[in-house]
Amino acid sequence: MKSKSSKFKIPLTPSQRKAICHVEGPLLVIAGPGSGKTAVITYRIAALIDLGISPHNICAITFTNKAAEEMRQRTRALGTAPGSHISTFHSLCVRILRRYADRAGIKPNFSIYNDSDQSRCIKRAVKECDLDTTNFPPARMLDAVSTRLKNNLIDVDAFKAQADDYFTKNLARIYDRYQHILADHNALDFDDLLAKTAFLLRDCSDVCSELSNRFKFLLIDEYQDTNRAQYIIARALASEHKNICATGDPDQSIYRWRGADIRNILAFEKDWPDATVVKLEENFRSTPNILEAADKLIANNRKRKQKTLIPTKPAGEDIAVTFFEDENDEAQGVVRRIKQLTEQGASLNDIAVFYRVNAQSRALEEAFIREKIIYQVVRGVEFYNRKEIRDLLAYLKVLVNPDDEIALLRIINTPARGIGKTTIDRVRAYAVQNKVSFFEALSKAEDIDSLAKAAQAKLAVFINMLGQFKKDIEGEVAPLAQRVLVESGLEKSLKDEGDEGENALENINELINAASQYDQHTEQPSLLDYLQQIALFSDTDAYDAAAGRVALMTLHAAKGLEFENVFIVGVEHGLLPHERSTVNEDLSELEEERRLLFVGITRAKSQLHISHARYRTIRGQQLRTIPSQFLYELGPTFTDQTDEDQDFDDDTEQTETPNSSFSIQDSKFKKGQLVRHKTFGRGIVKKFVDMGENSIVEVEFSSGRTKSLMLKYANLSKV
C-alpha cells in the first residue's frame with residue numbers, strides 16, 4: 001500500500017510495515033513487549049483513513065482508558081481525520097447498550113455498579129434467599145457469578161437448568177435474586193456490560209448486522225486478555241466483513257482470575273483460517289541483558305506462540321538478584337538503592353517497585369516515609385471509594401437514575417436530615433406493597449399513612465431538592481457537582497467536623513477539579529457520560545507519569561507501563577508463584593504466574609533489581625521462605641548477590657548451610673510418597689519441582705498442614 005501522506009515516512013521494521021499496510025481480511029499481530037505495538041495500531045488507523053476509508057467505519061478497542069486515550073492522542077498527532085471509535089471494551093458496550101437499550105431489555109439511563117455496590121447486592125441476595133453466609137460467603141458467590149457464569153455467558157435460566165446439587169441449586173437462586181436486585185435498581189455490573197452486549201448481538205441479527213456494517217474495520221488490542229464474552233462480541237462485530245485485526249502476546253496474558261482466556265489468541269488462526277500473521281519481535285525498550293532473562297524465563301511455558309525478543313539497544317547492566325533477611329531489610333535495601341540512583345541523576349518518575357500482592361506495600365511505604373522519598377501507590381480506585389467522594393457521587397447518580405436504590409439510601413440522610421431507619425422501612429414496605437420503586441414511594445410520601453406528618457415533610461423537602469438539582473443535569477458537570485455539594489448540606493457538615501472534614505473537602509474539591517477538566521476536554525459533556533467514565537476507571541488509569549514520585553504497584557497494574565529502573569520484590573515460592581498456583585496439578589496457573597513475572601521484567605528499560613527475603617511476615621507470623629523457582633529459570637544473565645554484597649548496606653548476611661547428607665541423585669521424590677520431617681512429622685508428597693540442588697517438595701503432613709520445602713534445607717527422609 002502506498003500512501004501520499006508524509007505521516008508514514010518514519011523508520012519502520014519490515015514486520016511493523018506489514019502489519020500497518022495490511023488492509024482487508026483477518027490479521028493477527030503477535031506483539032512482544034516494547035515492540036512498538038501502540039504505534040503500529042495508530043499508524044494502521046491512519047493508513048486505513050489515508051486509503052479513503054471513513055473514520056466512522058473504524059473501531060479500535062483496548063483494555064484501559066489510559067491506553068485508549070494514548071491511542072487517540074497519537075492518532076490526532078498524525079493529523080488523521082477525527083471520527084474513529086477508540087475506547088475500551090466496556091465503554092463500547094455501554095455505548096451499544098444505551099443505543100439499543102429497548103432491544104436489550106434495559107433502560108438507557110442505567111447505573112454501572114462498582115465492586116462495592118455489587119458486594120451490597122450479593123449480600124442482600126444471599127440474605128433474601130435465607131442462606132447462611134458461612135456456607136455461602138457473599139464474596140465467593142459474587143466471584144462465582146462473575147468469573148464462572150457471566151464471563152462464560154451462562155445466564156440465570158441456563159445455570160438453573162444445569163444445577164444438579166445442593167450448592168449449585170442454591171447458587172442459581174442467589175444468581176437469580178442478584179440479577180433481580182440489579183434490575184430493580186436499573187443497574188448493570190461490569191460483567192453485565194459485556195454479557196448483555198454479547199447476548200444482544202447473538203439474539204438480534206439486525207443489530208449485529210448494523211453494527212458490523214458500521215465498524216467495517218475492527219482493531220482489538222491486548223487480545224490475549226479477552227474473555228468469552230469479549231471474544232463473542234469481537235466475532236459478531238467482524239461477522240459481515242472479517243476485517244478483524246487482533247494484536248496481543250500470549251506471553252503477557254495475566255488476567256485469568258477475571259476470566260481472560262489465553263485460548264482466544266492461541267486459536268485465532270483456527271477461528272480465521274485465512275488470517276495473516278505478523279510477529280513484532282524487535283524490542284525498542286529494554287537492554288539485551290533484560291530481554292535474555294525474560295526469554296529464558298518464558299521459554300518454560302507450554303501455552304504460547306514461539307517468538308524471540310530481539311534487542312535494538314546496546315548491552316546494559318546485569319540484572320541484580322538480591323537476598324535479604326526479611327521484608328523490612330528488603331524495603332530498606334530498595335530505598336537505599338533508589339537513593340543511589342537519584343544521586344546519579346535518575347528521576348523518581350523513572351523508578352517503579354512491583355510486588356505480587358497489595359499487602360507487600362506496607363513495609364515499602366514505611367521505608368519510603370522514613371527516608372523521605374516521595375512515592376505514589378498506584379491503586380487509583382481507592383480515591384473513589386472514600387466516603388465523601390461516594391457521598392457526592394451518590395447524589396449525582398440518583399439524578400441520572402432515580403431507581404439506583406443503593407445511591408438513594410446513601411444520601412437520604414447524608415448529611416443528617418432526620419430521616420431514620422423506621423421512616424425508610426415504612427417507605428420500602430409501601431413500595432413493595434404497591435409495586436413501585438423506592439424513589440416513587442418517596443415521591444408519594446404524603447400517601448403513606450404509616451408515616452408521621454413530620455417525616456412526610458422531611459421526605460418532601462428531600463425529593464424537592466433532588467428535583468431542583470435534576471434541572472441542571474444537561475451540560476457541564478463541575479458546576480452541578482459544586483451546587484450539590486453546597487445545597488445538599490454536605491459542605492457545611494464536613495466543615496463542622498474540623499480537620500478531618502477539611503481533608504475530606506480537599507478530596508471533594510479534587511473530584512470537582514477532575515470534573516472541570518472533563519468539561520473542558522469533552523465536546524458534549526453530560527453527567528451520564530461522566531459517571532460512566534468514573535465507573536470504568538481502573539487502577540492503571542490512576543498512574544501519573546509526571547508526578548515526580550516513585551511508583552509502587554502490583555505486577556498486574558504494571559501491564560502497559562515502562563520505567564528506566566524497576567524493582568521486583570518478594571520473588572519467593574508462595575508469593576511469586578502465588579501459593580494458589582501450586583496447590584494442584586494445573587500447570588496453567590503456574591504458567592500464568594510465570595507470565596506475570598515476564599510482564600514485570602519487560603517493563604524495565606535499563607536496570608532491573610529482583611529481590612527475595614529469607615523470612616517474611618505472613619498473617620502475623622514470620623515464616624521461612626523459599627526462593628522462587630522462577631529465579632533459577634532466568635539463566636546466567638543476572639548477578640546473584642546477598643545483601644552483604646551491596647555497597648549500600650552494612651549488614652552481614654549469613655548463608656544457611658545445606659544438609660550435608662543431601663544428595664541430588666537421591667533427592668527426587670514422587671507424588672504420593674511417604675516422608676518424615678524432624679519437626680512436622682510424617683507426611684505425603686503432593687508435588688516435586690526438580691530444580692537440581694534447589695529442588696522444592698510440597699508435603700501434606702498428618703497435622704493437615706501443607707508446606708513447600710527446599711530439599712537442601714529440609715532434612716526430609718523417605719519412609
# chains A, B, ... in the order shown; residues from 1 in each chain; ligands from 1
$ residues_around --residues "Phe680 (chain A)" --least-positions-apart "5" --cutoff "9 Å" --atoms "only C-alpha atoms" --output "list in words"
Phe701, Ser702, Ser703 and Arg705 of chain A
$ residues_around --residues "region 300-313 of chain A" --least-positions-apart "6" --cutoff "7 Å" --atoms "only C-alpha atoms" --output "count of residues only"
12
$ residues_around --residues "Ile448 (chain A)" --least-positions-apart "2" --cutoff "12 Å" --atoms "only C-alpha atoms" --output "list of chain:residue names"
A:Thr423, A:Ile424, A:Asp425, A:Arg426, A:Val427, A:Arg428, A:Ala429, A:Tyr430, A:Ala431, A:Gln433, A:Asn434, A:Glu440, A:Ala441, A:Leu442, A:Ser443, A:Lys444, A:Ala445, A:Glu446, A:Ser450, A:Leu451, A:Ala452, A:Lys453, A:Ala455, A:Gln456, A:Ala457, A:Leu459
$ select_by_dssp --residues "region 215-292 of chain A" --states "strand (DSSP E)" --output "PyMOL selection string"
chain A and resi 217-220+244-248+276-280+282-283
$ closest_residue --among "A:Cys59, A:Ile601, A:Ala367, A:Ile181" --to "Ala234 (chain A)" --atoms "only C-alpha atoms"
A:Cys59
$ residues_around --residues "Tyr355 (chain A)" --least-positions-apart "6" --cutoff "8 Å" --atoms "only C-alpha atoms" --output "number ranges by chain"
A: 361, 553-555, 568-570
$ residues_around --residues "His185 (chain A)" --least-positions-apart "4" --cutoff "7 Å" --atoms "only C-alpha atoms" --output "list in words"
Ile181, Asp403, Asp404 and Glu405 of chain A
$ residues_around --residues "Lys279 (chain A)" --least-positions-apart "6" --cutoff "10 Å" --atoms "only C-alpha atoms" --output "compact mmCIF listing (two decimals) with N, CA, C and O atoms, in the first residue's frame"
# COMPACT_ATOMS: atom_id res chain seq x y z
N SER A 15 8.33 -5.97 9.68
CA SER A 15 7.14 -6.57 10.29
C SER A 15 6.12 -5.49 10.66
O SER A 15 4.91 -5.67 10.48
N GLN A 16 6.59 -4.35 11.19
CA GLN A 16 5.67 -3.26 11.51
C GLN A 16 4.98 -2.76 10.24
O GLN A 16 3.76 -2.53 10.23
N LYS A 18 4.43 -4.35 7.50
CA LYS A 18 3.49 -5.36 7.01
C LYS A 18 2.17 -5.28 7.77
O LYS A 18 1.09 -5.36 7.17
N ALA A 19 2.25 -5.10 9.08
CA ALA A 19 1.03 -5.01 9.90
C ALA A 19 0.25 -3.73 9.58
O ALA A 19 -0.98 -3.74 9.50
N LEU A 28 -3.52 -11.19 12.53
CA LEU A 28 -3.06 -11.43 13.90
C LEU A 28 -1.66 -10.87 14.03
O LEU A 28 -0.75 -11.26 13.30
N VAL A 29 -1.49 -9.93 14.96
CA VAL A 29 -0.18 -9.34 15.22
C VAL A 29 0.29 -9.81 16.58
O VAL A 29 -0.27 -9.44 17.62
N ILE A 30 1.30 -10.69 16.59
CA ILE A 30 1.91 -11.14 17.84
C ILE A 30 2.97 -10.11 18.21
O ILE A 30 4.02 -10.03 17.58
N ALA A 31 2.65 -9.30 19.21
CA ALA A 31 3.49 -8.15 19.54
C ALA A 31 4.19 -8.36 20.87
O ALA A 31 3.56 -8.31 21.93
N GLY A 32 5.47 -8.63 20.82
CA GLY A 32 6.25 -8.77 22.04
C GLY A 32 6.32 -7.46 22.81
O GLY A 32 6.02 -6.39 22.26
N SER A 35 7.63 -3.60 21.57
CA SER A 35 7.82 -3.76 20.12
C SER A 35 7.14 -2.67 19.30
O SER A 35 7.03 -2.78 18.09
N THR A 247 -4.33 -7.76 18.05
CA THR A 247 -2.94 -7.54 18.46
C THR A 247 -2.77 -8.01 19.90
O THR A 247 -3.60 -7.70 20.75
N GLY A 248 -1.71 -8.75 20.17
CA GLY A 248 -1.50 -9.21 21.53
C GLY A 248 -0.30 -10.11 21.64
O GLY A 248 0.46 -10.31 20.68
N ASP A 249 -0.13 -10.67 22.83
CA ASP A 249 1.01 -11.52 23.12
C ASP A 249 0.59 -12.57 24.14
O ASP A 249 0.30 -12.22 25.29
N LYS A 305 2.99 -18.85 21.80
CA LYS A 305 3.42 -18.85 20.41
C LYS A 305 4.89 -18.47 20.39
O LYS A 305 5.28 -17.45 20.97
N GLN A 306 5.69 -19.29 19.76
CA GLN A 306 7.13 -19.10 19.78
C GLN A 306 7.52 -17.76 19.16
O GLN A 306 7.06 -17.40 18.07
N LYS A 307 8.33 -17.02 19.88
CA LYS A 307 8.91 -15.79 19.36
C LYS A 307 10.16 -15.50 20.16
O LYS A 307 10.36 -16.04 21.26
N THR A 308 11.01 -14.65 19.64
CA THR A 308 12.24 -14.26 20.33
C THR A 308 12.28 -12.75 20.41
O THR A 308 11.99 -12.06 19.42
$ select_by_dssp --residues "region 128-185 of chain A" --states "alpha helix (DSSP H)" --output "PyMOL selection string"
chain A and resi 128+138-143+156-162+166-184
$ residues_around --residues "region 144-161 of chain A" --least-positions-apart "6" --cutoff "6 Å" --atoms "only C-alpha atoms" --output "PyMOL selection string"
chain A and resi 172+176+195+228-229+258-259
$ closest_residue --among "A:Ile411, A:Ile419, A:Ile696, A:Leu494" --to "Ala454 (chain A)" --atoms "only C-alpha atoms"
A:Ile419
$ atom_distance --atom1 "CA of Arg580 (chain A)" --atom2 "CA of Thr625 (chain A)"
15.8 Å
$ closest_residue --among "A:Asn464, A:Thr706, A:Thr617, A:Thr133" --to "Ala359 (chain A)" --atoms "only C-alpha atoms"
A:Thr617
$ decode --residues "region 302-323 of chain A" --atoms "N, CA, C and O atoms" --output "PDB file, in the first residue's frame"
ATOM      1  N   ARG A 302       4.392 -23.721  28.162  1.00  0.00           N
ATOM      2  CA  ARG A 302       3.973 -24.515  27.008  1.00  0.00           C
ATOM      3  C   ARG A 302       2.920 -23.786  26.181  1.00  0.00           C
ATOM      4  O   ARG A 302       2.908 -23.883  24.959  1.00  0.00           O
ATOM      5  N   LYS A 303       1.994 -23.087  26.861  1.00  0.00           N
ATOM      6  CA  LYS A 303       0.900 -22.418  26.155  1.00  0.00           C
ATOM      7  C   LYS A 303       1.377 -21.055  25.658  1.00  0.00           C
ATOM      8  O   LYS A 303       1.221 -20.039  26.323  1.00  0.00           O
ATOM      9  N   ARG A 304       1.967 -21.049  24.489  1.00  0.00           N
ATOM     10  CA  ARG A 304       2.486 -19.799  23.941  1.00  0.00           C
ATOM     11  C   ARG A 304       2.735 -19.957  22.454  1.00  0.00           C
ATOM     12  O   ARG A 304       2.677 -21.067  21.913  1.00  0.00           O
ATOM     13  N   LYS A 305       2.986 -18.845  21.797  1.00  0.00           N
ATOM     14  CA  LYS A 305       3.418 -18.845  20.405  1.00  0.00           C
ATOM     15  C   LYS A 305       4.892 -18.466  20.389  1.00  0.00           C
ATOM     16  O   LYS A 305       5.281 -17.454  20.973  1.00  0.00           O
ATOM     17  N   GLN A 306       5.685 -19.291  19.762  1.00  0.00           N
ATOM     18  CA  GLN A 306       7.131 -19.101  19.780  1.00  0.00           C
ATOM     19  C   GLN A 306       7.520 -17.757  19.156  1.00  0.00           C
ATOM     20  O   GLN A 306       7.064 -17.405  18.072  1.00  0.00           O
ATOM     21  N   LYS A 307       8.335 -17.018  19.884  1.00  0.00           N
ATOM     22  CA  LYS A 307       8.910 -15.790  19.360  1.00  0.00           C
ATOM     23  C   LYS A 307      10.164 -15.502  20.160  1.00  0.00           C
ATOM     24  O   LYS A 307      10.358 -16.036  21.259  1.00  0.00           O
ATOM     25  N   THR A 308      11.012 -14.650  19.641  1.00  0.00           N
ATOM     26  CA  THR A 308      12.235 -14.261  20.333  1.00  0.00           C
ATOM     27  C   THR A 308      12.282 -12.747  20.405  1.00  0.00           C
ATOM     28  O   THR A 308      11.986 -12.058  19.423  1.00  0.00           O
ATOM     29  N   LEU A 309      12.619 -12.230  21.573  1.00  0.00           N
ATOM     30  CA  LEU A 309      12.736 -10.777  21.731  1.00  0.00           C
ATOM     31  C   LEU A 309      14.094 -10.337  21.198  1.00  0.00           C
ATOM     32  O   LEU A 309      15.136 -10.762  21.705  1.00  0.00           O
ATOM     33  N   ILE A 310      14.073  -9.522  20.160  1.00  0.00           N
ATOM     34  CA  ILE A 310      15.305  -9.079  19.500  1.00  0.00           C
ATOM     35  C   ILE A 310      15.656  -7.674  20.000  1.00  0.00           C
ATOM     36  O   ILE A 310      14.920  -6.714  19.747  1.00  0.00           O
ATOM     37  N   PRO A 311      16.777  -7.536  20.716  1.00  0.00           N
ATOM     38  CA  PRO A 311      17.112  -6.215  21.269  1.00  0.00           C
ATOM     39  C   PRO A 311      17.593  -5.250  20.195  1.00  0.00           C
ATOM     40  O   PRO A 311      18.229  -5.652  19.213  1.00  0.00           O
ATOM     41  N   THR A 312      17.271  -3.986  20.387  1.00  0.00           N
ATOM     42  CA  THR A 312      17.767  -2.937  19.491  1.00  0.00           C
ATOM     43  C   THR A 312      18.648  -1.949  20.262  1.00  0.00           C
ATOM     44  O   THR A 312      19.202  -1.031  19.664  1.00  0.00           O
ATOM     45  N   LYS A 313      18.760  -2.145  21.581  1.00  0.00           N
ATOM     46  CA  LYS A 313      19.593  -1.277  22.412  1.00  0.00           C
ATOM     47  C   LYS A 313      20.912  -1.976  22.720  1.00  0.00           C
ATOM     48  O   LYS A 313      20.989  -3.217  22.691  1.00  0.00           O
ATOM     49  N   PRO A 314      21.960  -1.232  23.043  1.00  0.00           N
ATOM     50  CA  PRO A 314      23.241  -1.858  23.405  1.00  0.00           C
ATOM     51  C   PRO A 314      23.157  -2.560  24.755  1.00  0.00           C
ATOM     52  O   PRO A 314      22.231  -2.318  25.539  1.00  0.00           O
ATOM     53  N   ALA A 315      24.124  -3.417  25.022  1.00  0.00           N
ATOM     54  CA  ALA A 315      24.145  -4.168  26.283  1.00  0.00           C
ATOM     55  C   ALA A 315      24.154  -3.209  27.472  1.00  0.00           C
ATOM     56  O   ALA A 315      24.751  -2.126  27.423  1.00  0.00           O
ATOM     57  N   GLY A 316      23.492  -3.644  28.539  1.00  0.00           N
ATOM     58  CA  GLY A 316      23.423  -2.822  29.741  1.00  0.00           C
ATOM     59  C   GLY A 316      23.920  -3.585  30.950  1.00  0.00           C
ATOM     60  O   GLY A 316      24.654  -4.569  30.835  1.00  0.00           O
ATOM     61  N   GLU A 317      23.504  -3.146  32.129  1.00  0.00           N
ATOM     62  CA  GLU A 317      23.945  -3.775  33.369  1.00  0.00           C
ATOM     63  C   GLU A 317      23.260  -5.121  33.573  1.00  0.00           C
ATOM     64  O   GLU A 317      22.142  -5.343  33.115  1.00  0.00           O
ATOM     65  N   ASP A 318      23.956  -6.009  34.288  1.00  0.00           N
ATOM     66  CA  ASP A 318      23.357  -7.286  34.647  1.00  0.00           C
ATOM     67  C   ASP A 318      22.150  -7.066  35.548  1.00  0.00           C
ATOM     68  O   ASP A 318      22.076  -6.068  36.284  1.00  0.00           O
ATOM     69  N   ILE A 319      21.220  -8.006  35.491  1.00  0.00           N
ATOM     70  CA  ILE A 319      20.100  -7.990  36.438  1.00  0.00           C
ATOM     71  C   ILE A 319      20.660  -8.315  37.819  1.00  0.00           C
ATOM     72  O   ILE A 319      21.443  -9.257  37.973  1.00  0.00           O
ATOM     73  N   ALA A 320      20.276  -7.557  38.818  1.00  0.00           N
ATOM     74  CA  ALA A 320      20.726  -7.794  40.188  1.00  0.00           C
ATOM     75  C   ALA A 320      19.652  -8.546  40.955  1.00  0.00           C
ATOM     76  O   ALA A 320      18.532  -8.053  41.106  1.00  0.00           O
ATOM     77  N   VAL A 321      19.977  -9.747  41.430  1.00  0.00           N
ATOM     78  CA  VAL A 321      19.058 -10.522  42.261  1.00  0.00           C
ATOM     79  C   VAL A 321      19.640 -10.549  43.669  1.00  0.00           C
ATOM     80  O   VAL A 321      20.723 -11.078  43.892  1.00  0.00           O
ATOM     81  N   THR A 322      18.931  -9.945  44.623  1.00  0.00           N
ATOM     82  CA  THR A 322      19.473  -9.730  45.958  1.00  0.00           C
ATOM     83  C   THR A 322      18.666 -10.488  47.010  1.00  0.00           C
ATOM     84  O   THR A 322      17.442 -10.530  46.956  1.00  0.00           O
ATOM     85  N   PHE A 323      19.398 -11.067  47.983  1.00  0.00           N
ATOM     86  CA  PHE A 323      18.828 -11.882  49.042  1.00  0.00           C
ATOM     87  C   PHE A 323      18.867 -11.078  50.347  1.00  0.00           C
ATOM     88  O   PHE A 323      19.942 -10.708  50.815  1.00  0.00           O
TER      89      PHE A 323
END
